[in-house]
file target_17.csv (CSV, C-alpha atoms)
chain,number,residue,atom,x,y,z
Q,1,MET,CA,0.0,0.0,0.0
Q,2,PRO,CA,1.4,3.5,-0.9
Q,3,PRO,CA,2.5,5.7,2.0
Q,4,LYS,CA,-0.3,8.2,1.3
Q,5,GLU,CA,-2.9,5.4,1.9
Q,6,ARG,CA,-1.1,4.3,5.1
Q,7,SER,CA,-1.0,7.7,6.6
Q,8,GLY,CA,-3.4,9.2,9.2
Q,9,ALA,CA,-3.5,12.6,7.5
Q,10,ILE,CA,-2.4,14.4,4.4
Q,11,LEU,CA,-0.7,17.8,4.3
Q,12,THR,CA,-0.8,19.4,0.8
Q,13,VAL,CA,1.5,22.4,0.1
Q,14,ASP,CA,0.6,24.4,-3.0
Q,15,LEU,CA,3.8,25.7,-4.4
Q,16,ASP,CA,2.0,27.5,-7.2
Q,17,ALA,CA,0.2,29.5,-4.5
Q,18,VAL,CA,3.6,30.2,-2.8
Q,19,ARG,CA,4.9,31.5,-6.2
Q,20,ALA,CA,1.8,33.6,-6.7
Q,21,ASN,CA,2.1,35.1,-3.3
Q,22,TYR,CA,5.8,35.9,-4.0
Q,23,ARG,CA,4.9,37.7,-7.2
Q,24,LEU,CA,2.2,39.8,-5.4
Q,25,LEU,CA,4.7,40.8,-2.7
Q,26,ARG,CA,7.5,41.4,-5.2
Q,27,ASP,CA,5.3,43.6,-7.4
Q,28,LYS,CA,3.9,45.5,-4.3
Q,29,ALA,CA,7.5,46.3,-3.1
Q,30,HIS,CA,8.9,47.2,-6.5
Q,31,PRO,CA,11.5,48.7,-7.1
Q,32,ALA,CA,12.8,47.2,-3.9
Q,33,ALA,CA,14.2,43.7,-4.2
Q,34,CYS,CA,12.0,40.9,-2.7
Q,35,SER,CA,13.6,38.2,-0.6
Q,36,ALA,CA,12.1,35.1,1.0
Q,37,VAL,CA,12.2,34.1,4.6
Q,38,VAL,CA,12.4,30.3,4.8
Q,39,LYS,CA,13.5,29.8,8.4
Q,40,SER,CA,12.0,27.0,10.5
Q,41,ASP,CA,11.9,24.8,7.4
Q,42,ALA,CA,9.9,27.4,5.5
Q,43,TYR,CA,7.5,27.8,8.4
Q,44,GLY,CA,7.1,24.1,8.6
Q,45,LEU,CA,6.2,23.6,4.9
Q,46,GLY,CA,9.6,22.4,3.6
Q,47,ALA,CA,12.5,24.8,2.9
Q,48,ALA,CA,13.9,22.5,0.2
Q,49,GLN,CA,10.8,22.5,-1.9
Q,50,VAL,CA,9.8,26.1,-1.2
Q,51,GLY,CA,13.3,27.4,-1.7
Q,52,ALA,CA,13.6,25.7,-5.0
Q,53,ALA,CA,10.2,26.9,-6.2
Q,54,LEU,CA,11.0,30.5,-5.3
Q,55,TYR,CA,14.4,30.3,-6.9
Q,56,GLU,CA,12.7,29.3,-10.1
Q,57,GLU,CA,10.4,32.3,-9.6
Q,58,GLY,CA,13.4,34.6,-9.6
Q,59,CYS,CA,14.1,35.0,-5.9
Q,60,ARG,CA,17.8,35.4,-5.2
Q,61,HIS,CA,17.8,36.5,-1.5
Q,62,PHE,CA,16.8,33.9,1.2
Q,63,PHE,CA,16.8,34.3,5.0
Q,64,VAL,CA,17.1,31.5,7.5
Q,65,ALA,CA,17.5,31.8,11.3
Q,66,HIS,CA,20.2,29.3,12.1
Q,67,LEU,CA,23.5,28.2,10.5
Q,68,GLU,CA,22.2,24.6,10.1
Q,69,GLU,CA,19.2,25.8,8.2
Q,70,GLY,CA,21.5,27.7,5.8
Q,71,ILE,CA,23.6,24.6,5.3
Q,72,SER,CA,20.5,22.5,4.6
Q,73,LEU,CA,19.1,25.0,2.1
Q,74,ARG,CA,22.3,25.6,0.1
Q,75,PRO,CA,22.0,22.5,-2.1
Q,76,HIS,CA,18.4,23.5,-3.2
Q,77,VAL,CA,19.2,26.9,-4.6
Q,78,ALA,CA,21.9,27.8,-7.1
Q,79,PRO,CA,25.2,29.4,-6.1
Q,80,ASP,CA,24.1,32.8,-7.3
Q,81,ALA,CA,21.4,32.9,-4.5
Q,82,SER,CA,22.4,34.6,-1.3
Q,83,ILE,CA,21.5,32.8,2.0
Q,84,PHE,CA,21.5,35.2,5.0
Q,85,VAL,CA,21.6,33.7,8.5
Q,86,LEU,CA,19.6,36.0,10.8
Q,87,HIS,CA,21.1,34.9,14.1
Q,88,GLY,CA,24.7,35.4,12.8
Q,89,PRO,CA,27.6,33.2,13.4
Q,90,PRO,CA,27.7,31.3,16.7
Q,91,VAL,CA,31.1,31.7,18.3
Q,92,GLY,CA,33.8,29.8,16.4
Q,93,THR,CA,31.6,28.9,13.3
Q,94,GLU,CA,32.7,31.7,11.0
Q,95,GLY,CA,34.5,29.1,8.8
Q,96,GLU,CA,31.3,27.2,8.3
Q,97,PHE,CA,29.7,30.2,6.7
Q,98,THR,CA,32.4,30.6,4.1
Q,99,ALA,CA,32.6,26.9,3.5
Q,100,HIS,CA,28.9,26.7,2.7
Q,101,GLY,CA,28.5,30.0,0.9
Q,102,LEU,CA,26.4,31.7,3.6
Q,103,THR,CA,26.2,35.3,4.7
Q,104,PRO,CA,25.7,36.3,8.3
Q,105,VAL,CA,23.5,39.0,9.7
Q,106,LEU,CA,25.8,40.6,12.3
Q,107,ASN,CA,23.8,41.6,15.4
Q,108,SER,CA,26.3,42.7,17.9
Q,109,GLU,CA,29.9,44.0,18.3
Q,110,PRO,CA,31.2,40.6,19.2
Q,111,GLN,CA,29.7,39.1,16.0
Q,112,VAL,CA,31.2,41.9,14.0
Q,113,ALA,CA,34.6,41.3,15.7
Q,114,GLY,CA,34.5,37.6,14.9
Q,115,TRP,CA,33.6,38.2,11.3
Q,116,ARG,CA,36.3,40.9,11.0
Q,117,ALA,CA,38.9,38.5,12.4
Q,118,HIS,CA,37.8,35.7,10.0
Q,119,ALA,CA,38.1,38.1,7.0
Q,120,LYS,CA,41.6,39.0,8.2
Q,121,ALA,CA,42.6,35.4,8.6
Q,122,LEU,CA,41.5,34.7,5.0
Q,123,GLY,CA,43.0,37.8,3.7
Q,124,SER,CA,39.8,38.7,1.9
Q,125,THR,CA,36.7,40.8,2.1
Q,126,LEU,CA,33.5,39.1,3.3
Q,127,ASP,CA,29.9,40.0,2.8
Q,128,ALA,CA,27.5,40.6,5.7
Q,129,ILE,CA,24.3,42.3,6.7
Q,130,VAL,CA,24.5,44.5,9.8
Q,131,GLN,CA,21.4,44.7,11.9
Q,132,VAL,CA,20.6,47.7,14.1
Q,133,ASP,CA,18.0,47.8,16.9
Q,134,THR,CA,15.3,50.4,16.3
Q,135,GLY,CA,13.2,49.6,19.4
Q,136,MET,CA,12.4,45.9,19.5
Q,137,SER,CA,15.3,45.3,22.0
Q,138,ARG,CA,15.9,41.8,20.7
Q,139,MET,CA,18.8,41.7,18.2
Q,140,GLY,CA,20.9,44.3,16.4
Q,141,LEU,CA,23.5,46.8,17.3
Q,142,SER,CA,22.4,49.1,20.1
Q,143,PRO,CA,22.7,52.9,19.9
Q,144,GLN,CA,25.9,52.7,21.9
Q,145,GLU,CA,27.4,50.1,19.5
Q,146,ILE,CA,26.4,52.3,16.5
Q,147,ASP,CA,28.2,55.2,18.1
Q,148,ALA,CA,31.3,53.0,18.7
Q,149,TRP,CA,31.1,51.9,15.0
Q,150,LEU,CA,31.1,55.5,13.8
Q,151,LEU,CA,34.1,56.4,16.0
Q,152,ASP,CA,36.2,53.4,14.9
Q,153,PRO,CA,37.5,53.5,11.3
Q,154,HIS,CA,38.5,49.9,11.5
Q,155,PHE,CA,35.1,48.6,12.8
Q,156,LEU,CA,34.2,47.0,9.5
Q,157,ASP,CA,37.7,46.1,8.2
Q,158,GLY,CA,37.4,43.3,5.7
Q,159,ILE,CA,33.6,43.4,5.8
Q,160,LYS,CA,31.4,44.4,2.8
Q,161,VAL,CA,28.0,45.5,4.1
Q,162,ARG,CA,25.3,44.2,1.8
Q,163,TYR,CA,22.4,45.8,3.7
Q,164,LEU,CA,21.8,47.7,6.9
Q,165,MET,CA,18.7,46.2,8.4
Q,166,SER,CA,16.3,46.4,11.3
Q,167,HIS,CA,13.0,44.6,12.2
Q,168,LEU,CA,9.5,45.9,12.8
Q,169,ALA,CA,7.7,44.8,16.0
Q,170,CYS,CA,4.1,45.8,15.3
Q,171,ALA,CA,3.8,46.0,11.5
Q,172,ASP,CA,0.7,43.7,11.5
Q,173,GLU,CA,-1.1,46.5,13.4
Q,174,ARG,CA,-1.4,49.3,10.9
Q,175,SER,CA,-2.3,52.0,13.4
Q,176,ASN,CA,0.3,51.1,16.0
Q,177,PRO,CA,2.5,54.2,16.7
Q,178,MET,CA,5.6,52.0,17.1
Q,179,ASN,CA,5.7,51.6,13.3
Q,180,GLY,CA,6.3,55.2,12.7
Q,181,GLU,CA,8.7,55.4,15.7
Q,182,GLN,CA,10.8,52.6,14.3
Q,183,LEU,CA,10.8,54.1,10.8
Q,184,ALA,CA,12.0,57.4,12.1
Q,185,ARG,CA,14.8,55.8,14.1
Q,186,PHE,CA,15.9,53.7,11.1
Q,187,ILE,CA,15.9,56.8,8.9
Q,188,ALA,CA,18.0,58.6,11.5
Q,189,ILE,CA,20.5,55.8,11.6
Q,190,ARG,CA,20.7,55.7,7.8
Q,191,ALA,CA,21.4,59.4,7.7
Q,192,ARG,CA,24.6,58.6,9.7
Q,193,LEU,CA,25.4,55.7,7.4
Q,194,PRO,CA,24.1,56.8,4.0
Q,195,GLN,CA,26.5,54.6,2.0
Q,196,TYR,CA,24.6,51.3,2.7
Q,197,ARG,CA,21.5,49.9,1.1
Q,198,ALA,CA,18.7,49.2,3.6
Q,199,SER,CA,16.1,46.7,4.6
Q,200,LEU,CA,13.3,47.1,7.1
Q,201,ALA,CA,10.0,45.7,6.0
Q,202,ASN,CA,8.8,42.2,6.9
Q,203,SER,CA,5.6,40.7,5.4
Q,204,SER,CA,3.3,43.1,7.2
Q,205,GLY,CA,5.7,46.1,6.7
Q,206,ILE,CA,5.3,45.7,2.9
Q,207,PHE,CA,1.6,46.6,3.3
Q,208,LEU,CA,2.2,49.7,5.5
Q,209,SER,CA,3.5,52.1,2.9
Q,210,PRO,CA,6.3,52.4,0.4
Q,211,ASP,CA,8.2,54.4,3.0
Q,212,TYR,CA,9.0,51.1,4.7
Q,213,HIS,CA,10.3,49.3,1.6
Q,214,PHE,CA,13.8,50.8,1.1
Q,215,ASP,CA,16.1,48.5,-1.0
Q,216,LEU,CA,15.0,45.0,0.1
Q,217,VAL,CA,11.9,43.6,1.7
Q,218,ARG,CA,11.8,40.3,3.7
Q,219,PRO,CA,8.5,38.6,3.6
Q,220,GLY,CA,8.0,35.3,5.4
Q,221,ALA,CA,4.5,34.5,6.7
Q,222,ALA,CA,2.8,36.2,3.8
Q,223,LEU,CA,4.5,33.8,1.4
Q,224,TYR,CA,2.6,30.9,3.1
Q,225,GLY,CA,-0.8,32.6,3.0
Q,226,ILE,CA,-0.9,34.2,6.5
Q,227,GLY,CA,-2.8,37.6,6.4
Q,228,PRO,CA,-0.4,40.5,6.7
Q,229,GLN,CA,-2.8,43.0,8.4
Q,230,GLY,CA,-5.1,42.0,11.3
Q,231,GLY,CA,-8.7,42.8,10.6
Q,232,GLU,CA,-8.2,43.4,6.9
Q,233,PRO,CA,-9.0,41.2,3.9
Q,234,ASN,CA,-6.2,38.8,3.1
Q,235,PRO,CA,-4.9,39.4,-0.5
Q,236,LEU,CA,-2.7,36.2,-0.4
Q,237,ARG,CA,-3.5,32.8,-1.7
Q,238,SER,CA,-4.0,29.9,0.7
Q,239,VAL,CA,-1.0,27.5,0.6
Q,240,VAL,CA,-1.9,24.7,2.9
Q,241,ARG,CA,-4.5,22.0,3.0
Q,242,LEU,CA,-4.6,19.6,5.9
Q,243,GLN,CA,-6.9,16.6,5.7
Q,244,GLY,CA,-7.4,14.1,8.5
Q,245,LYS,CA,-8.6,10.6,8.1
Q,246,VAL,CA,-11.6,9.2,9.9
Q,247,LEU,CA,-10.7,6.3,12.1
Q,248,GLN,CA,-14.2,5.3,13.2
Q,249,THR,CA,-17.7,6.6,13.8
Q,250,ARG,CA,-20.2,6.0,16.5
Q,251,THR,CA,-23.6,7.2,17.8
Q,252,ILE,CA,-23.7,8.5,21.3
Q,253,ALA,CA,-26.7,9.1,23.5
Q,254,ALA,CA,-27.8,12.1,25.5
Q,255,GLY,CA,-25.6,12.3,28.6
Q,256,ASP,CA,-22.6,10.5,27.1
Q,257,HIS,CA,-19.2,12.1,27.5
Q,258,VAL,CA,-16.5,12.5,24.9
Q,259,GLY,CA,-12.7,12.5,25.5
Q,260,TYR,CA,-10.4,13.1,28.4
Q,261,SER,CA,-11.8,14.9,31.5
Q,262,ARG,CA,-15.4,14.7,30.1
Q,263,ARG,CA,-14.9,18.0,28.4
Q,264,TYR,CA,-18.0,17.4,26.3
Q,265,THR,CA,-21.4,16.0,27.3
Q,266,ALA,CA,-24.0,15.3,24.6
Q,267,SER,CA,-27.4,17.0,25.2
Q,268,GLU,CA,-29.1,14.7,22.6
Q,269,PRO,CA,-28.0,11.8,20.5
Q,270,ARG,CA,-25.1,12.7,18.2
Q,271,GLN,CA,-23.0,11.1,15.5
Q,272,VAL,CA,-19.3,11.3,16.4
Q,273,ALA,CA,-16.2,10.7,14.1
Q,274,THR,CA,-12.8,10.1,15.5
Q,275,VAL,CA,-10.0,11.6,13.2
Q,276,SER,CA,-6.3,10.7,13.2
Q,277,VAL,CA,-4.8,14.1,14.1
Q,278,GLY,CA,-3.8,15.2,17.6
Q,279,TYR,CA,-1.6,17.6,19.5
Q,280,ALA,CA,1.4,15.3,18.6
Q,281,ASP,CA,0.8,16.4,15.0
Q,282,GLY,CA,0.7,20.1,16.0
Q,283,TRP,CA,-3.1,20.3,16.3
Q,284,LEU,CA,-3.1,22.6,19.3
Q,285,ARG,CA,-4.8,21.4,22.4
Q,286,SER,CA,-6.1,24.9,23.1
Q,287,MET,CA,-8.7,24.2,20.4
Q,288,SER,CA,-10.4,21.6,22.5
Q,289,ASN,CA,-14.2,21.9,22.3
Q,290,GLN,CA,-13.9,24.9,19.9
Q,291,GLY,CA,-12.2,23.9,16.7
Q,292,LEU,CA,-13.9,22.7,13.6
Q,293,ALA,CA,-13.5,20.7,10.4
Q,294,ILE,CA,-15.2,21.0,7.0
Q,295,VAL,CA,-16.9,18.1,5.2
Q,296,ASP,CA,-18.4,18.8,1.8
Q,297,GLY,CA,-18.5,22.5,2.6
Q,298,VAL,CA,-20.3,22.0,5.9
Q,299,LYS,CA,-18.6,23.1,9.1
Q,300,VAL,CA,-18.7,20.4,11.8
Q,301,PRO,CA,-17.6,21.2,15.4
Q,302,GLN,CA,-14.7,19.5,17.2
Q,303,ILE,CA,-16.0,18.2,20.5
Q,304,GLY,CA,-14.1,17.1,23.6
Q,305,ALA,CA,-10.5,17.5,24.5
Q,306,ILE,CA,-7.9,17.1,21.7
Q,307,SER,CA,-5.8,14.0,22.4
Q,308,MET,CA,-2.2,13.3,21.5
Q,309,ASP,CA,-3.2,11.3,18.4
Q,310,SER,CA,-6.9,12.1,17.7
Q,311,ILE,CA,-9.7,14.5,17.7
Q,312,THR,CA,-13.5,13.9,17.7
Q,313,LEU,CA,-16.0,15.7,15.5
Q,314,ASP,CA,-19.8,16.0,15.7
Q,315,VAL,CA,-20.8,14.9,12.2
Q,316,SER,CA,-24.5,14.7,12.9
Q,317,ALA,CA,-25.2,17.1,10.1
Q,318,ILE,CA,-23.4,14.9,7.5
Q,319,ALA,CA,-24.9,12.0,5.7
Q,320,GLY,CA,-23.7,8.7,7.3
Q,321,ASP,CA,-22.3,7.3,4.1
Q,322,ARG,CA,-20.0,10.3,3.6
Q,323,VAL,CA,-18.2,10.0,6.9
Q,324,ALA,CA,-16.8,6.5,7.3
Q,325,PRO,CA,-13.4,4.9,8.2
Q,326,GLY,CA,-10.9,6.3,5.7
Q,327,SER,CA,-12.9,9.4,4.8
Q,328,LEU,CA,-11.0,12.7,4.6
Q,329,VAL,CA,-12.1,15.8,6.5
Q,330,ASP,CA,-10.6,19.3,6.0
Q,331,LEU,CA,-8.9,20.8,9.0
Q,332,ILE,CA,-7.1,23.6,7.1
Q,333,CYS,CA,-8.3,24.7,3.6
Q,334,ALA,CA,-9.2,27.8,1.6
Q,335,GLU,CA,-12.6,27.9,3.4
Q,336,HIS,CA,-11.0,27.5,6.8
Q,337,PRO,CA,-7.5,29.0,6.4
Q,338,VAL,CA,-4.6,29.1,8.8
Q,339,ASP,CA,-5.5,32.4,10.3
Q,340,ALA,CA,-9.0,31.1,11.2
Q,341,VAL,CA,-7.5,28.0,12.8
Q,342,ALA,CA,-5.1,30.3,14.8
Q,343,ALA,CA,-8.0,32.4,16.0
Q,344,MET,CA,-9.7,29.4,17.4
Q,345,ALA,CA,-6.5,28.3,19.2
Q,346,ASN,CA,-5.9,31.8,20.6
Q,347,THR,CA,-2.6,32.1,18.8
Q,348,ILE,CA,-1.2,33.3,15.5
Q,349,GLY,CA,-0.9,31.6,12.1
Q,350,TYR,CA,2.9,31.4,12.5
Q,351,GLU,CA,2.5,29.0,15.4
Q,352,VAL,CA,0.0,26.8,13.7
Q,353,LEU,CA,2.1,26.3,10.6
Q,354,THR,CA,5.4,25.7,12.4
Q,355,ASN,CA,3.8,23.2,14.7
Q,356,LEU,CA,2.5,21.0,12.0
Q,357,GLY,CA,4.1,17.7,12.8
Q,358,GLY,CA,6.2,15.1,10.9
Q,359,ARG,CA,3.6,12.3,10.8
Q,360,TYR,CA,1.6,13.7,7.9
Q,361,TYR,CA,2.0,12.4,4.4
Q,362,ARG,CA,3.2,15.5,2.6
Q,363,GLU,CA,2.2,16.3,-1.0
Q,364,TYR,CA,3.6,19.2,-3.0
Q,365,GLN,CA,1.6,20.6,-5.9
Q,366,GLY,CA,3.6,22.6,-8.4
Q,367,LEU,CA,6.9,20.8,-8.1
Q,368,ALA,CA,8.9,20.4,-11.3
Q,369,GLY,CA,7.9,16.9,-12.4
Q,370,GLY,CA,4.5,17.1,-10.8
Q,371,ALA,CA,3.0,16.5,-7.3
Q,372,ARG,CA,4.6,14.1,-4.8
call {"tool": "encode", "arguments": {"input": "target_17.csv", "output": "structure tokens"}}
result
Amino acid sequence: MPPKERSGAILTVDLDAVRANYRLLRDKAHPAACSAVVKSDAYGLGAAQVGAALYEEGCRHFFVAHLEEGISLRPHVAPDASIFVLHGPPVGTEGEFTAHGLTPVLNSEPQVAGWRAHAKALGSTLDAIVQVDTGMSRMGLSPQEIDAWLLDPHFLDGIKVRYLMSHLACADERSNPMNGEQLARFIAIRARLPQYRASLANSSGIFLSPDYHFDLVRPGAALYGIGPQGGEPNPLRSVVRLQGKVLQTRTIAAGDHVGYSRRYTASEPRQVATVSVGYADGWLRSMSNQGLAIVDGVKVPQIGAISMDSITLDVSAIAGDRVAPGSLVDLICAEHPVDAVAAMANTIGYEVLTNLGGRYYREYQGLAGGAR
């Protein structure tokens, strides 16, 4: 029996939708260049497949978080693609960056010093992005470190700065005043370092205004269909479809309980389907008693606590011959996208995608050579 038939659930990734989302973001940001953030295995969807598809679409700038992610991605994009590592080089790993054709984002004076020393040891000039902190207080050179940089003519010896970058904290909230504050700080820093190209906008920042675009934008979540602005229509295509398989069905009577801790009690006879997806697959337990699935366009409620390996659905509204062992139900789809699932779990789409587990059969639509 093929693996798809043996699996408990099927996760389909639409690479044509990823490409379409990239084109929309690229065109919106023009004339700025458009990169792709493929950290965390392309938000859980497969950096090898997503990276290759976006390279074919013309993307030449890729961002990952960790060194190992960059090493893993490198074979799947051609040598002319730049792979930037957001966390910079862990102490003593500078040689791994040059060995694998990776470019660090330098976030602190010690990282700058390590990269500078590596360039000196090689007797060459090495590319880097330098990140500055504009108010997120997470990563990037502090105002004090920027002052030290400007006072030290040797601060960047042997380093070619590809971009000066910073990161927006509240770009998904269009009216949040911090957006304007960070933009003003970034402009002020650039005024002191006008010789460098700049990058500020993440996915949501692209939709604020062209003032945030500068020379390079860095979309991540939007590539994978997550809405860029809370409370506004999502212009992006849905990328993910998650279908769970029905394990069994049963009829329960009024007063019967469902699942751990008796989280659900039937008020009348109900038809219940058990589906082979649980929190071990990233189906967040916080959706217990409030998630849903879709069967033939009909929304059916998830009832009871989400278990490690299964969920239970009230399928009383569905014809009995439609929901049987082996039947598929939609948990994520165009009609019930990632953002809607996230709202039910009281989280964000990023967490839903990056939690999708490794037990799913994965199918890629739009791969060279067809789906697999």
call {"tool": "closest_residue", "arguments": {"input": "target_17.csv", "among": "Q:Met1, Q:Leu11, Q:Ile159, Q:Val217", "to": "Cys333 (chain Q)", "atoms": "all atoms listed in the file"}}
result
Q:Leu11
call {"tool": "closest_residue", "arguments": {"input": "target_17.csv", "among": "Q:Pro31, Q:Gly244, Q:Gly349, Q:Gly88", "to": "Ile294 (chain Q)", "atoms": "only C-alpha atoms"}}
result
Q:Gly244
call {"tool": "atom_distance", "arguments": {"input": "target_17.csv", "atom1": "CA of Asn234 (chain Q)", "atom2": "CA of Thr134 (chain Q)"}}
result
27.8 Å
call {"tool": "residues_around", "arguments": {"input": "target_17.csv", "residues": "Ala340 (chain Q)", "least_positions_apart": "3", "cutoff": "12 Å", "atoms": "all atoms listed in the file", "output": "list in words"}}
result
Gly225, Ile226, Gly227, Gly230, Gly231, Asn234, Ser238, Met287, Gln290, Gly291, Leu292, Ala293, Leu331, Ile332, Cys333, Ala334, Glu335, His336, Pro337, Ala343, Met344, Ala345, Asn346, Thr347, Ile348, Gly349, Tyr350 and Val352 of chain Q
call {"tool": "write_last_selection", "arguments": {"input": "target_17.csv", "atoms": "C-alpha atoms", "output": "CSV table (one decimal), in the coordinates of the input"}}
result
chain,number,residue,atom,x,y,z
Q,225,GLY,CA,-0.8,32.6,3.0
Q,226,ILE,CA,-0.9,34.2,6.5
Q,227,GLY,CA,-2.8,37.6,6.4
Q,230,GLY,CA,-5.1,42.0,11.3
Q,231,GLY,CA,-8.7,42.8,10.6
Q,234,ASN,CA,-6.2,38.8,3.1
Q,238,SER,CA,-4.0,29.9,0.7
Q,287,MET,CA,-8.7,24.2,20.4
Q,290,GLN,CA,-13.9,24.9,19.9
Q,291,GLY,CA,-12.2,23.9,16.7
Q,292,LEU,CA,-13.9,22.7,13.6
Q,293,ALA,CA,-13.5,20.7,10.4
Q,331,LEU,CA,-8.9,20.8,9.0
Q,332,ILE,CA,-7.1,23.6,7.1
Q,333,CYS,CA,-8.3,24.7,3.6
Q,334,ALA,CA,-9.2,27.8,1.6
Q,335,GLU,CA,-12.6,27.9,3.4
Q,336,HIS,CA,-11.0,27.5,6.8
Q,337,PRO,CA,-7.5,29.0,6.4
Q,343,ALA,CA,-8.0,32.4,16.0
Q,344,MET,CA,-9.7,29.4,17.4
Q,345,ALA,CA,-6.5,28.3,19.2
Q,346,ASN,CA,-5.9,31.8,20.6
Q,347,THR,CA,-2.6,32.1,18.8
Q,348,ILE,CA,-1.2,33.3,15.5
Q,349,GLY,CA,-0.9,31.6,12.1
Q,350,TYR,CA,2.9,31.4,12.5
Q,352,VAL,CA,0.0,26.8,13.7
call {"tool": "closest_residue", "arguments": {"input": "target_17.csv", "among": "Q:Val298, Q:Ala266, Q:Ala280, Q:Ala81", "to": "Tyr360 (chain Q)", "atoms": "only C-alpha atoms"}}
result
Q:Ala280
call {"tool": "closest_residue", "arguments": {"input": "target_17.csv", "among": "Q:Ala253, Q:Val161, Q:Ala221, Q:Val272", "to": "Leu25 (chain Q)", "atoms": "only C-alpha atoms"}}
result
Q:Ala221
call {"tool": "atom_distance", "arguments": {"input": "target_17.csv", "atom1": "CA of Glu69 (chain Q)", "atom2": "CA of Glu94 (chain Q)"}}
result
15.0 Å
call {"tool": "closest_residue", "arguments": {"input": "target_17.csv", "among": "Q:Thr249, Q:Leu367, Q:Ile206, Q:Ala32", "to": "Leu54 (chain Q)", "atoms": "all atoms listed in the file"}}
result
Q:Leu367
call {"tool": "residues_near_point", "arguments": {"input": "target_17.csv", "point": "(-1.2, 15.0, 17.9)", "cutoff": "10 Å", "atoms": "only C-alpha atoms", "output": "list in words"}}
result
Ser276, Val277, Gly278, Tyr279, Ala280, Asp281, Gly282, Trp283, Leu284, Arg285, Ile306, Ser307, Met308, Asp309, Ser310, Ile311, Leu356, Gly357 and Arg359 of chain Q
call {"tool": "closest_residue", "arguments": {"input": "target_17.csv", "among": "Q:Val300, Q:Met136, Q:Val341, Q:Ala99", "to": "Phe186 (chain Q)", "atoms": "all atoms listed in the file"}}
result
Q:Met136
call {"tool": "atom_distance", "arguments": {"input": "target_17.csv", "atom1": "CA of Tyr196 (chain Q)", "atom2": "CA of His100 (chain Q)"}}
result
25.0 Å
call {"tool": "residues_around", "arguments": {"input": "target_17.csv", "residues": "Lys4 (chain Q)", "least_positions_apart": "4", "cutoff": "9 Å", "atoms": "only C-alpha atoms", "output": "count of residues only"}}
result
7
call {"tool": "residues_around", "arguments": {"input": "target_17.csv", "residues": "Phe84 (chain Q)", "least_positions_apart": "2", "cutoff": "8 Å", "atoms": "all atoms listed in the file", "output": "PyMOL selection string"}}
result
chain Q and resi 61-64+70+82+86+102-105+129
call {"tool": "residues_around", "arguments": {"input": "target_17.csv", "residues": "Ala48 (chain Q)", "least_positions_apart": "3", "cutoff": "10 Å", "atoms": "only C-alpha atoms", "output": "list in words"}}
result
Val38, Asp41, Ala42, Leu45, Gly51, Ala52, Ala53, Ser72, Leu73, Arg74, Pro75, His76 and Val77 of chain Q
call {"tool": "residues_near_point", "arguments": {"input": "target_17.csv", "point": "(16.3, 36.4, -5.4)", "cutoff": "7 Å", "atoms": "all atoms listed in the file", "output": "PyMOL selection string"}}
result
chain Q and resi 34-35+55+58-61+81
call {"tool": "residues_around", "arguments": {"input": "target_17.csv", "residues": "Met178 (chain Q)", "least_positions_apart": "6", "cutoff": "9 Å", "atoms": "all atoms listed in the file", "output": "ChimeraX atom specification"}}
result
/Q:135,168-171
call {"tool": "write_last_selection", "arguments": {"input": "target_17.csv", "atoms": "C-alpha atoms", "output": "PDB file, keeping the file's coordinate frame"}}
result
ATOM      1  CA  GLY Q 135      13.200  49.600  19.400  1.00  0.00           C
ATOM      2  CA  LEU Q 168       9.500  45.900  12.800  1.00  0.00           C
ATOM      3  CA  ALA Q 169       7.700  44.800  16.000  1.00  0.00           C
ATOM      4  CA  CYS Q 170       4.100  45.800  15.300  1.00  0.00           C
ATOM      5  CA  ALA Q 171       3.800  46.000  11.500  1.00  0.00           C
TER       6      ALA Q 171
END
call {"tool": "decode", "arguments": {"input": "target_17.csv", "residues": "region 351-356 of chain Q", "atoms": "N, CA, C and O atoms", "output": "compact mmCIF listing (two decimals), in the first residue's frame"}}
result
# COMPACT_ATOMS: atom_id res chain seq x y z
N GLU Q 351 2.40 30.13 14.51
CA GLU Q 351 2.53 29.00 15.42
C GLU Q 351 1.82 27.78 14.88
O GLU Q 351 2.30 26.65 15.02
N VAL Q 352 0.67 27.97 14.25
CA VAL Q 352 -0.04 26.84 13.67
C VAL Q 352 0.82 26.15 12.62
O VAL Q 352 1.01 24.93 12.64
N LEU Q 353 1.36 26.92 11.67
CA LEU Q 353 2.15 26.33 10.60
C LEU Q 353 3.40 25.64 11.13
O LEU Q 353 3.71 24.50 10.74
N THR Q 354 4.14 26.31 12.00
CA THR Q 354 5.43 25.75 12.43
C THR Q 354 5.26 24.58 13.38
O THR Q 354 6.23 23.87 13.66
N ASN Q 355 4.03 24.34 13.87
CA ASN Q 355 3.78 23.20 14.74
C ASN Q 355 3.29 21.97 13.99
O ASN Q 355 3.20 20.89 14.58
N LEU Q 356 2.96 22.12 12.72
CA LEU Q 356 2.46 20.97 11.97
C LEU Q 356 3.51 19.87 11.97
O LEU Q 356 4.66 20.09 11.58
